[in-house]
file start-v6.cif (mmCIF, C-alpha atoms and all ligand atoms)
data_run
#
loop_
_atom_site.label_atom_id
_atom_site.label_comp_id
_atom_site.auth_asym_id
_atom_site.auth_seq_id
_atom_site.Cartn_x
_atom_site.Cartn_y
_atom_site.Cartn_z
CA MET A 1 0.00 0.00 0.00
CA THR A 2 1.31 3.36 -0.99
CA VAL A 3 1.10 6.95 0.22
CA LEU A 4 0.53 9.52 -2.52
CA VAL A 5 2.41 12.75 -1.74
CA THR A 6 1.31 15.68 -3.87
CA GLY A 7 3.76 18.58 -3.96
CA GLY A 8 6.44 16.10 -2.86
CA ALA A 9 9.13 17.91 -4.87
CA GLY A 10 8.56 21.07 -2.81
CA TYR A 11 10.21 22.15 0.40
CA ILE A 12 8.11 20.48 3.11
CA GLY A 13 6.95 17.68 0.80
CA SER A 14 10.45 16.51 -0.10
CA VAL A 15 11.52 16.35 3.55
CA THR A 16 8.37 14.40 4.37
CA VAL A 17 9.09 11.97 1.52
CA GLU A 18 12.61 11.53 2.94
CA ARG A 19 11.20 10.72 6.40
CA LEU A 20 8.44 8.45 5.11
CA ARG A 21 10.91 6.38 3.11
CA ALA A 22 13.29 6.21 6.06
CA LYS A 23 10.42 4.56 7.95
CA GLY A 24 9.91 2.00 5.19
CA GLU A 25 6.77 3.56 3.68
CA GLN A 26 6.08 3.22 -0.04
CA VAL A 27 5.64 6.64 -1.56
CA VAL A 28 4.62 8.02 -4.93
CA VAL A 29 4.94 11.72 -5.73
CA LEU A 30 2.75 13.89 -7.96
CA ASP A 31 4.13 17.37 -8.63
CA ASP A 32 3.92 19.74 -11.59
CA LEU A 33 7.32 21.25 -10.69
CA ALA A 34 5.82 24.74 -10.96
CA ARG A 35 7.62 25.53 -7.70
CA GLY A 36 9.35 22.28 -6.77
CA HIS A 37 12.60 20.63 -7.78
CA ARG A 38 13.05 17.13 -9.17
CA ALA A 39 16.50 17.18 -7.53
CA ALA A 40 14.82 17.44 -4.12
CA LEU A 41 13.74 13.81 -4.56
CA ASP A 42 15.96 10.75 -4.79
CA PRO A 43 16.01 9.44 -8.37
CA ASP A 44 14.33 6.18 -7.35
CA VAL A 45 11.21 7.85 -5.90
CA PRO A 46 8.25 7.01 -8.19
CA PHE A 47 7.43 10.40 -9.66
CA PHE A 48 4.58 11.71 -11.81
CA HIS A 49 5.06 15.09 -13.42
CA GLY A 50 1.58 16.59 -13.59
CA ARG A 51 -1.12 18.63 -11.95
CA VAL A 52 -3.35 17.44 -9.13
CA GLY A 53 -6.34 18.67 -11.17
CA ASP A 54 -5.57 16.17 -13.94
CA ARG A 55 -8.21 13.62 -12.99
CA ALA A 56 -7.17 11.02 -15.59
CA LEU A 57 -3.61 11.11 -14.27
CA VAL A 58 -4.75 10.85 -10.63
CA ALA A 59 -6.99 7.88 -11.54
CA ARG A 60 -4.05 6.20 -13.28
CA ILE A 61 -1.73 6.73 -10.31
CA ALA A 62 -4.35 5.34 -7.92
CA ALA A 63 -4.88 2.29 -10.14
CA GLU A 64 -1.18 1.59 -10.67
CA HIS A 65 -0.05 2.16 -7.08
CA LYS A 66 -2.81 0.96 -4.73
CA ILE A 67 -2.98 4.31 -2.96
CA GLU A 68 -4.04 3.94 0.65
CA ALA A 69 -3.65 7.54 1.85
CA CYS A 70 -2.60 10.93 0.58
CA ILE A 71 -0.58 13.81 1.95
CA HIS A 72 -1.69 16.81 -0.05
CA PHE A 73 1.01 19.51 -0.03
CA ALA A 74 0.56 20.72 -3.61
CA ALA A 75 -0.43 24.37 -3.68
CA LEU A 76 0.79 27.79 -4.66
CA ALA A 77 1.88 29.48 -1.45
CA PHE A 78 3.13 33.04 -2.00
CA VAL A 79 0.92 35.47 -0.10
CA GLY A 80 1.95 38.53 -2.15
CA GLU A 81 1.42 36.75 -5.48
CA SER A 82 -2.03 35.65 -4.36
CA VAL A 83 -3.04 39.29 -3.82
CA VAL A 84 -1.97 40.24 -7.36
CA GLU A 85 -3.17 37.05 -9.05
CA PRO A 86 -6.04 35.64 -6.98
CA ALA A 87 -7.50 33.72 -9.95
CA LYS A 88 -4.32 31.68 -10.19
CA TYR A 89 -4.61 30.74 -6.52
CA PHE A 90 -8.27 29.80 -6.57
CA GLU A 91 -7.77 27.77 -9.76
CA ASN A 92 -4.68 25.96 -8.52
CA ASN A 93 -5.46 25.45 -4.85
CA VAL A 94 -9.25 25.22 -4.88
CA GLU A 95 -10.51 24.16 -8.34
CA GLN A 96 -7.76 21.63 -8.77
CA GLY A 97 -7.91 20.69 -5.11
CA VAL A 98 -11.61 19.87 -5.34
CA ALA A 99 -11.13 17.88 -8.56
CA PHE A 100 -8.29 16.03 -6.88
CA LEU A 101 -10.30 15.09 -3.78
CA GLY A 102 -13.14 13.92 -6.04
CA GLU A 103 -10.79 11.60 -7.88
CA LEU A 104 -9.28 10.29 -4.63
CA LEU A 105 -12.75 9.42 -3.37
CA ALA A 106 -13.61 7.79 -6.71
CA ALA A 107 -10.50 5.65 -6.29
CA GLY A 108 -11.56 4.68 -2.75
CA VAL A 109 -8.89 6.74 -0.96
CA ARG A 110 -10.43 7.97 2.29
CA ARG A 111 -7.44 9.26 4.28
CA VAL A 112 -5.97 12.67 3.62
CA VAL A 113 -3.44 14.79 5.49
CA PHE A 114 -3.77 18.36 4.27
CA SER A 115 -1.35 21.32 4.36
CA SER A 116 -3.19 24.22 5.87
CA THR A 117 -1.75 27.37 7.34
CA CYS A 118 -1.90 29.91 10.13
CA ALA A 119 -2.82 32.36 7.31
CA THR A 120 -6.38 31.02 7.65
CA TYR A 121 -6.68 32.94 10.96
CA GLY A 122 -5.99 36.34 9.41
CA GLU A 123 -5.51 38.93 12.18
CA PRO A 124 -5.97 36.78 15.28
CA GLU A 125 -8.00 38.06 18.22
CA GLN A 126 -6.03 35.96 20.65
CA VAL A 127 -2.32 34.97 20.70
CA PRO A 128 -1.17 32.18 21.12
CA ILE A 129 -3.82 31.13 18.61
CA PRO A 130 -5.94 28.09 19.48
CA GLU A 131 -7.56 26.06 16.68
CA GLN A 132 -11.08 27.24 17.49
CA SER A 133 -10.14 30.89 16.86
CA PRO A 134 -12.20 32.68 14.22
CA GLN A 135 -10.79 32.24 10.72
CA TRP A 136 -10.95 35.27 8.45
CA PRO A 137 -7.91 35.36 6.15
CA THR A 138 -6.39 38.62 4.98
CA ASN A 139 -5.30 37.38 1.54
CA PRO A 140 -6.50 35.05 -1.26
CA TYR A 141 -3.87 32.44 -0.40
CA GLY A 142 -5.32 32.11 3.11
CA TRP A 143 -8.84 31.96 1.67
CA SER A 144 -7.88 29.23 -0.78
CA LYS A 145 -6.68 27.11 2.15
CA LEU A 146 -9.71 27.90 4.30
CA VAL A 147 -12.05 26.91 1.45
CA MET A 148 -10.22 23.59 1.18
CA GLU A 149 -10.63 23.05 4.92
CA ARG A 150 -14.40 23.54 4.50
CA VAL A 151 -14.43 21.15 1.52
CA LEU A 152 -12.62 18.51 3.57
CA ASP A 153 -15.03 18.97 6.46
CA SER A 154 -18.08 18.68 4.18
CA TYR A 155 -16.69 15.62 2.39
CA GLY A 156 -15.94 14.09 5.77
CA ARG A 157 -19.56 14.46 6.84
CA ALA A 158 -21.08 13.39 3.52
CA TYR A 159 -18.64 10.87 2.02
CA GLY A 160 -16.76 9.40 4.95
CA LEU A 161 -13.45 11.07 4.12
CA LYS A 162 -11.11 11.14 7.13
CA PHE A 163 -8.58 13.93 7.26
CA VAL A 164 -6.16 15.84 9.40
CA SER A 165 -5.70 19.44 8.36
CA LEU A 166 -2.38 20.71 9.69
CA ARG A 167 -2.11 24.46 10.06
CA TYR A 168 1.60 25.19 9.90
CA PHE A 169 3.11 28.33 11.26
CA ASN A 170 6.51 29.30 9.75
CA ALA A 171 8.18 26.24 8.24
CA SER A 172 11.94 26.65 8.33
CA GLY A 173 15.26 24.82 8.61
CA ALA A 174 16.77 21.96 6.64
CA THR A 175 17.79 18.34 6.91
CA GLU A 176 21.28 17.31 5.84
CA ARG A 177 20.18 16.85 2.23
CA ARG A 178 17.10 19.03 1.80
CA GLY A 179 16.50 22.68 2.50
CA GLU A 180 14.38 25.67 1.64
CA HIS A 181 14.70 27.02 -1.90
CA HIS A 182 11.83 28.92 -3.48
CA GLU A 183 11.95 31.08 -6.63
CA PRO A 184 11.51 33.89 -5.81
CA GLU A 185 12.22 33.44 -2.10
CA SER A 186 9.86 35.39 0.14
CA HIS A 187 10.65 33.64 3.42
CA LEU A 188 12.80 35.28 6.04
CA VAL A 189 15.22 32.51 7.02
CA PRO A 190 16.68 31.73 3.55
CA ASN A 191 16.81 35.45 2.78
CA VAL A 192 18.67 36.30 5.99
CA LEU A 193 21.14 33.50 5.28
CA ALA A 194 21.55 34.59 1.65
CA ALA A 195 22.64 37.96 3.03
CA ALA A 196 25.05 36.17 5.40
CA LEU A 197 26.49 34.28 2.41
CA GLY A 198 26.93 37.50 0.45
CA LYS A 199 24.38 36.42 -2.17
CA LYS A 200 22.29 39.46 -1.20
CA HIS A 201 23.56 42.87 -0.10
CA GLU A 202 21.13 43.12 2.79
CA VAL A 203 17.94 41.66 4.16
CA ALA A 204 14.69 43.63 3.99
CA VAL A 205 12.75 44.00 7.25
CA PHE A 206 9.10 44.77 6.51
CA GLY A 207 7.79 47.07 9.24
CA ASN A 208 9.40 48.21 12.51
CA GLN A 209 6.40 49.99 14.04
CA TYR A 210 4.32 46.99 15.04
CA PRO A 211 2.94 46.83 18.59
CA THR A 212 5.68 44.36 19.62
CA PRO A 213 8.64 44.93 21.99
CA ASP A 214 11.13 45.80 19.19
CA GLY A 215 8.53 46.92 16.62
CA THR A 216 9.09 44.03 14.18
CA ALA A 217 6.67 41.19 13.46
CA ILE A 218 6.71 38.08 15.63
CA ARG A 219 6.41 34.60 14.12
CA ASP A 220 6.49 31.01 15.33
CA TYR A 221 9.25 29.10 13.49
CA VAL A 222 8.91 25.33 13.26
CA HIS A 223 11.58 23.02 11.85
CA VAL A 224 10.67 21.27 8.61
CA ALA A 225 11.79 17.89 10.02
CA ASP A 226 9.39 18.35 12.95
CA LEU A 227 6.64 19.16 10.44
CA ALA A 228 7.45 16.00 8.49
CA GLU A 229 7.13 13.93 11.67
CA ALA A 230 3.74 15.50 12.38
CA HIS A 231 2.48 14.32 8.97
CA ILE A 232 3.64 10.80 9.68
CA SER A 233 1.90 10.91 13.07
CA ALA A 234 -1.27 12.23 11.41
CA LEU A 235 -1.15 9.34 8.95
CA GLY A 236 -0.81 6.91 11.88
CA HIS A 237 -3.73 8.61 13.61
CA LEU A 238 -5.97 8.09 10.56
CA ARG A 239 -4.81 4.51 10.05
CA GLN A 240 -5.79 3.74 13.64
CA GLY A 241 -9.29 5.04 12.96
CA GLY A 242 -8.72 8.44 14.56
CA GLU A 243 -11.20 11.24 14.01
CA SER A 244 -10.73 14.04 11.50
CA ASP A 245 -9.19 17.16 13.01
CA PHE A 246 -7.66 20.59 12.47
CA LEU A 247 -4.34 21.04 14.27
CA ASN A 248 -1.85 23.85 14.64
CA LEU A 249 1.81 23.00 14.08
CA GLY A 250 4.04 25.47 15.85
CA THR A 251 6.14 25.70 18.98
CA GLY A 252 4.13 28.24 20.99
CA GLN A 253 7.23 30.46 21.09
CA GLY A 254 7.50 33.55 18.91
CA TYR A 255 10.55 35.48 17.71
CA SER A 256 10.67 38.92 16.19
CA VAL A 257 12.40 39.59 12.88
CA LEU A 258 15.19 41.43 14.70
CA GLU A 259 15.66 38.57 17.17
CA LEU A 260 15.93 36.15 14.28
CA ILE A 261 18.50 38.30 12.47
CA GLU A 262 20.51 38.66 15.69
CA CYS A 263 20.48 34.89 16.18
CA ALA A 264 21.54 34.39 12.52
CA ARG A 265 24.47 36.77 13.09
CA ARG A 266 25.64 34.59 15.98
CA VAL A 267 25.18 31.33 14.04
CA THR A 268 26.91 32.54 10.85
CA GLY A 269 29.45 35.01 12.26
CA SER A 270 28.36 37.40 9.52
CA PRO A 271 27.20 41.00 10.16
CA ILE A 272 24.05 40.55 7.94
CA PRO A 273 23.20 44.11 6.91
CA MET A 274 19.52 44.99 6.93
CA ARG A 275 17.21 47.63 5.51
CA ILE A 276 13.90 48.69 7.03
CA GLU A 277 10.95 48.87 4.64
CA GLY A 278 7.25 49.56 5.11
CA PRO A 279 5.02 46.78 6.42
CA ARG A 280 3.45 44.40 3.87
CA SER A 281 -0.32 44.65 3.75
CA GLY A 282 -2.10 41.87 5.59
CA ASP A 283 0.97 40.95 7.67
CA PRO A 284 -0.29 40.60 11.27
CA PRO A 285 2.02 41.77 14.09
CA ARG A 286 2.13 38.46 15.92
CA LEU A 287 1.37 34.87 14.84
CA VAL A 288 2.16 32.28 17.47
CA ALA A 289 0.53 28.87 17.76
CA ASP A 290 -1.21 27.39 20.69
CA ALA A 291 0.20 23.98 19.80
CA ARG A 292 -1.16 21.93 22.69
CA ARG A 293 -3.81 20.14 20.66
CA ALA A 294 -1.35 18.53 18.22
CA ARG A 295 0.44 17.14 21.22
CA ALA A 296 -2.75 15.79 22.77
CA VAL A 297 -4.11 14.26 19.55
CA LEU A 298 -0.95 13.12 17.77
CA GLY A 299 1.56 12.98 20.62
CA TRP A 300 3.58 15.38 18.46
CA GLN A 301 6.15 17.64 19.96
CA PRO A 302 8.75 19.64 18.07
CA VAL A 303 12.28 18.58 18.99
CA MET A 304 14.41 20.49 16.46
CA SER A 305 12.56 23.79 16.39
CA ASP A 306 14.73 25.96 18.63
CA LEU A 307 15.81 28.97 16.61
CA PRO A 308 19.60 28.32 16.60
CA SER A 309 19.05 24.73 15.35
CA ILE A 310 16.71 25.93 12.62
CA LEU A 311 19.17 28.58 11.45
CA ARG A 312 22.22 26.33 11.74
CA SER A 313 20.60 23.55 9.70
CA GLN A 314 19.50 25.85 6.87
CA TRP A 315 22.88 27.66 7.01
CA GLU A 316 24.73 24.37 6.52
CA TRP A 317 22.45 23.51 3.62
CA GLN A 318 22.76 26.92 1.94
CA LYS A 319 26.55 26.87 2.23
CA LYS A 320 26.56 23.50 0.44
CA HIS A 321 23.94 24.65 -2.11
CA PRO A 322 24.52 28.37 -2.63
CA ARG A 323 22.30 28.32 -5.75
CA GLY A 324 19.74 26.01 -4.12
CA TYR A 325 18.70 22.94 -6.10
CA GLU A 326 20.34 22.82 -9.50
CA LYS A 327 17.95 22.44 -12.44
N1 LIG A 401 6.37 27.02 3.90
C1 LIG A 401 5.57 27.41 4.86
O1 LIG A 401 5.99 28.11 5.82
C2 LIG A 401 4.11 27.01 4.87
C3 LIG A 401 3.30 27.45 5.91
C4 LIG A 401 1.96 27.07 5.93
C5 LIG A 401 1.46 26.23 4.95
N2 LIG A 401 2.26 25.83 3.93
C6 LIG A 401 1.68 24.94 2.91
O2 LIG A 401 2.46 23.77 2.85
C7 LIG A 401 2.51 23.25 1.52
C8 LIG A 401 3.94 23.08 1.10
O3 LIG A 401 4.62 24.33 1.22
P1 LIG A 401 6.12 24.50 0.71
O4 LIG A 401 6.71 25.64 1.41
O5 LIG A 401 6.79 23.16 0.72
O6 LIG A 401 5.81 24.95 -0.79
P2 LIG A 401 6.55 24.55 -2.14
O7 LIG A 401 6.14 25.56 -3.15
O8 LIG A 401 8.00 24.35 -1.89
O9 LIG A 401 5.89 23.13 -2.49
C9 LIG A 401 4.64 23.00 -3.12
C10 LIG A 401 4.81 22.01 -4.25
O10 LIG A 401 3.54 21.80 -4.88
C11 LIG A 401 3.72 21.77 -6.29
N3 LIG A 401 2.43 22.17 -6.88
C12 LIG A 401 1.78 23.36 -6.75
N4 LIG A 401 0.61 23.32 -7.40
C13 LIG A 401 0.50 22.09 -7.95
C14 LIG A 401 -0.49 21.44 -8.73
N5 LIG A 401 -1.61 22.05 -9.08
N6 LIG A 401 -0.27 20.15 -9.11
C15 LIG A 401 0.87 19.51 -8.78
N7 LIG A 401 1.84 20.08 -8.03
C16 LIG A 401 1.66 21.35 -7.63
C17 LIG A 401 4.87 22.74 -6.54
O11 LIG A 401 5.53 22.50 -7.76
C18 LIG A 401 5.77 22.48 -5.34
O12 LIG A 401 6.72 21.46 -5.58
C19 LIG A 401 1.71 24.24 0.68
O13 LIG A 401 0.40 23.72 0.54
C20 LIG A 401 1.70 25.50 1.50
O14 LIG A 401 0.57 26.27 1.24
C21 LIG A 401 3.57 26.19 3.87
#

call {"tool": "encode", "arguments": {"input": "start-v6.cif", "output": "C-alpha cells"}}
result
Amino acid sequence: MTVLVTGGAGYIGSVTVERLRAKGEQVVVLDDLARGHRAALDPDVPFFHGRVGDRALVARIAAEHKIEACIHFAALAFVGESVVEPAKYFENNVEQGVAFLGELLAAGVRRVVFSSTCATYGEPEQVPIPEQSPQWPTNPYGWSKLVMERVLDSYGRAYGLKFVSLRYFNASGATERRGEHHEPESHLVPNVLAAALGKKHEVAVFGNQYPTPDGTAIRDYVHVADLAEAHISALGHLRQGGESDFLNLGTGQGYSVLELIECARRVTGSPIPMRIEGPRSGDPPRLVADARRARAVLGWQPVMSDLPSILRSQWEWQKKHPRGYEK
C-alpha cells in the first residue's frame, strides 16, 4: 500500500518523503514542478510530473499504485502573489484541489493529510492562537486554504473522508540533504542566510512599528523535520481510525524579525546588513501557535525547532547549495 504525496518535490513535501521512506513507507509523488525541484527527490522515488487537477492522471496513479492515503502539499503558497493574481490561486489550490479530492474518493482513498496554514486565521483576536479561533484570512492564499478546509469537512460528513488538516506556522530549517529554496524566495530565514552568504547585499525588514517589543513582526518558526514527523503521526492517527481534526503545528514560542537576524548573526558570524521597509499589507504583528492540541491528539512535539538549530541547519544547507537545487 502506498502513500501519494502531492507537492512532494517542494520544500516540506520533499523532507516528508525523505522521512516516510526512512520509515519504510512506499511513496509516490505527484508534482507539476511549478515551484518544486526534481533534484529534491531521490532518483528512485516514483514520480509523476503533472497537476493534481488532472483527474485522468490521478486515476491512473491510484490504479497503478494501490494508494491507501494521501498527503496533499501541492499548492501555490506566495501570499503577495495571491493578492496580485487571486484567480491563479483559486484555480490551482481550490478548483484543482476539489477535482483532486473527487478523484481520490472515486479511487476509494479515504485518508488525507492536508497542508493548511496559520494564514487562515488572518488577524488573530487571541495569541497564542488556538484552533477554534475565528478564521478570516487577509489574503487570497489564506482563503484558498480555508475553502479547502471547508471542503474537507463537508466531504468528511457526507462521504466518509477522514482527514487531518495541519495548520503550519513558519516552516523553516533543513535536513542534511534538503533545505528551503523557493523562486523567488519570500521567506525570512533563507533570505537572511543569503545575506550572510553574500548572495544578497542586505535583508529587507518589513515594518518596525508593530505593537511588539522591538517593533518588528513576531512569528512562530517550526523546523521542517518536525513538520514531516507530524504528517507521519497524522497518517498513523488516521490509520488507527482516529477522528478528523484541524491542528496547529508550531512551537508556541514567537521570535521577532530582529531577534531572528541577531540569532543568525551569531550562528553565521556574519554582520548581515539589513534595511527597514514599510510593512506588507495583511501581515499581522504576531502569529504564534497554541500547539497543545497537536500534542494531545498526535503525541507530536517539536524537537528540532529551537531557533539556533533551525538557522544552523539551513545555514549548513545553503553553504553547500549556494544556488539552491540545481535544475
Ligand atoms: N512554507 C511554509 O511556511 C508554509 C506554511 C503554511 C502552509 N504551507 C503549505 O504547505 C505546503 C507546502 O509548502 P512548501 O513551502 O513546501 O511549498 P513549495 O512551493 O515548496 O511546495 C509545493 C509544491 O507543490 C507543487 N504544486 C503546486 N501546485 C501544484 C499542482 N496544481 N499540481 C501539482 N503540483 C503542484 C509545486 O511544484 C511544489 O513542488 C503548501 O500547501 C503551503 O501552502 C507552507

call {"tool": "atom_distance", "arguments": {"input": "start-v6.cif", "atom1": "atom C20 of ligand LIG 401 (chain A)", "atom2": "CA of Thr16 in chain A"}}
result
13.3 Å

call {"tool": "residues_near_ligand", "arguments": {"input": "start-v6.cif", "ligand": "ligand LIG 401 (chain A)", "cutoff": "8 Å", "atoms": "only C-alpha atoms and all ligand atoms", "output": "ChimeraX atom specification"}}
result
/A:6-14,30-37,49-53,72-78,92-93,96-97,114-119,141,145,167-172,180-182,187

call {"tool": "closest_residue", "arguments": {"input": "start-v6.cif", "among": "A:Val109, A:Ala294, A:Met304, A:Val94", "to": "Ala230 in chain A", "atoms": "all atoms listed in the file"}}
result
A:Ala294

call {"tool": "residues_around", "arguments": {"input": "start-v6.cif", "residues": "Ser144 in chain A", "least_positions_apart": "2", "cutoff": "7 Å", "atoms": "all atoms listed in the file", "output": "MDAnalysis selection string"}}
result
chainID A and resid 89:90 93:94 140:142 146:148

call {"tool": "closest_residue", "arguments": {"input": "start-v6.cif", "among": "A:Gln253, A:Asn139, A:Val151, A:Arg286", "to": "Gly80 in chain A", "atoms": "all atoms listed in the file"}}
result
A:Asn139

call {"tool": "closest_residue", "arguments": {"input": "start-v6.cif", "among": "A:Leu235, A:Leu311, A:Met1, A:Ala296", "to": "Glu68 in chain A", "atoms": "only C-alpha atoms"}}
result
A:Met1

call {"tool": "atom_distance", "arguments": {"input": "start-v6.cif", "atom1": "CA of Arg19 in chain A", "atom2": "CA of Arg55 in chain A"}}
result
27.6 Å

call {"tool": "atom_distance", "arguments": {"input": "start-v6.cif", "atom1": "CA of Phe246 in chain A", "atom2": "CA of Ile232 in chain A"}}
result
15.2 Å

call {"tool": "closest_residue", "arguments": {"input": "start-v6.cif", "among": "A:Thr120, A:Val3, A:Ala22, A:Pro46", "to": "Lys66 in chain A", "atoms": "all atoms listed in the file"}}
result
A:Val3

call {"tool": "closest_residue", "arguments": {"input": "start-v6.cif", "among": "A:Gln26, A:Ser313, A:Ser305, A:Ser270", "to": "Leu197 in chain A", "atoms": "all atoms listed in the file"}}
result
A:Ser270

call {"tool": "closest_residue", "arguments": {"input": "start-v6.cif", "among": "A:Val203, A:Val222, A:Leu287, A:Ala234", "to": "Asp306 in chain A", "atoms": "all atoms listed in the file"}}
result
A:Val222

call {"tool": "residues_near_point", "arguments": {"input": "start-v6.cif", "point": "(-1.7, 23.9, 19.8)", "cutoff": "8 Å", "atoms": "all atoms listed in the file", "output": "number ranges by chain"}}
result
A: 129-131, 247-250, 252, 289-295

call {"tool": "write_last_selection", "arguments": {"input": "start-v6.cif", "atoms": "C-alpha atoms", "output": "tab-separated table (two decimals), in the frame of the given file"}}
result
chain	number	residue	atom	x	y	z
A	129	ILE	CA	-3.82	31.13	18.61
A	130	PRO	CA	-5.94	28.09	19.48
A	131	GLU	CA	-7.56	26.06	16.68
A	247	LEU	CA	-4.34	21.04	14.27
A	248	ASN	CA	-1.85	23.85	14.64
A	249	LEU	CA	1.81	23.00	14.08
A	250	GLY	CA	4.04	25.47	15.85
A	252	GLY	CA	4.13	28.24	20.99
A	289	ALA	CA	0.53	28.87	17.76
A	290	ASP	CA	-1.21	27.39	20.69
A	291	ALA	CA	0.20	23.98	19.80
A	292	ARG	CA	-1.16	21.93	22.69
A	293	ARG	CA	-3.81	20.14	20.66
A	294	ALA	CA	-1.35	18.53	18.22
A	295	ARG	CA	0.44	17.14	21.22

call {"tool": "residues_around", "arguments": {"input": "start-v6.cif", "residues": "Pro211 in chain A", "least_positions_apart": "4", "cutoff": "9 Å", "atoms": "only C-alpha atoms", "output": "list in words"}}
result
Gly215, Thr216, Ala217, Pro285 and Arg286 of chain A

call {"tool": "axis_aligned_box", "arguments": {"input": "start-v6.cif", "around": "range 293-309 of chain A", "padding_each_side": "8 Å", "output": "AutoDock Vina command-line options"}}
result
--center_x 7.7 --center_y 21.0 --center_z 19.1 --size_x 39.7 --size_y 32.0 --size_z 23.4
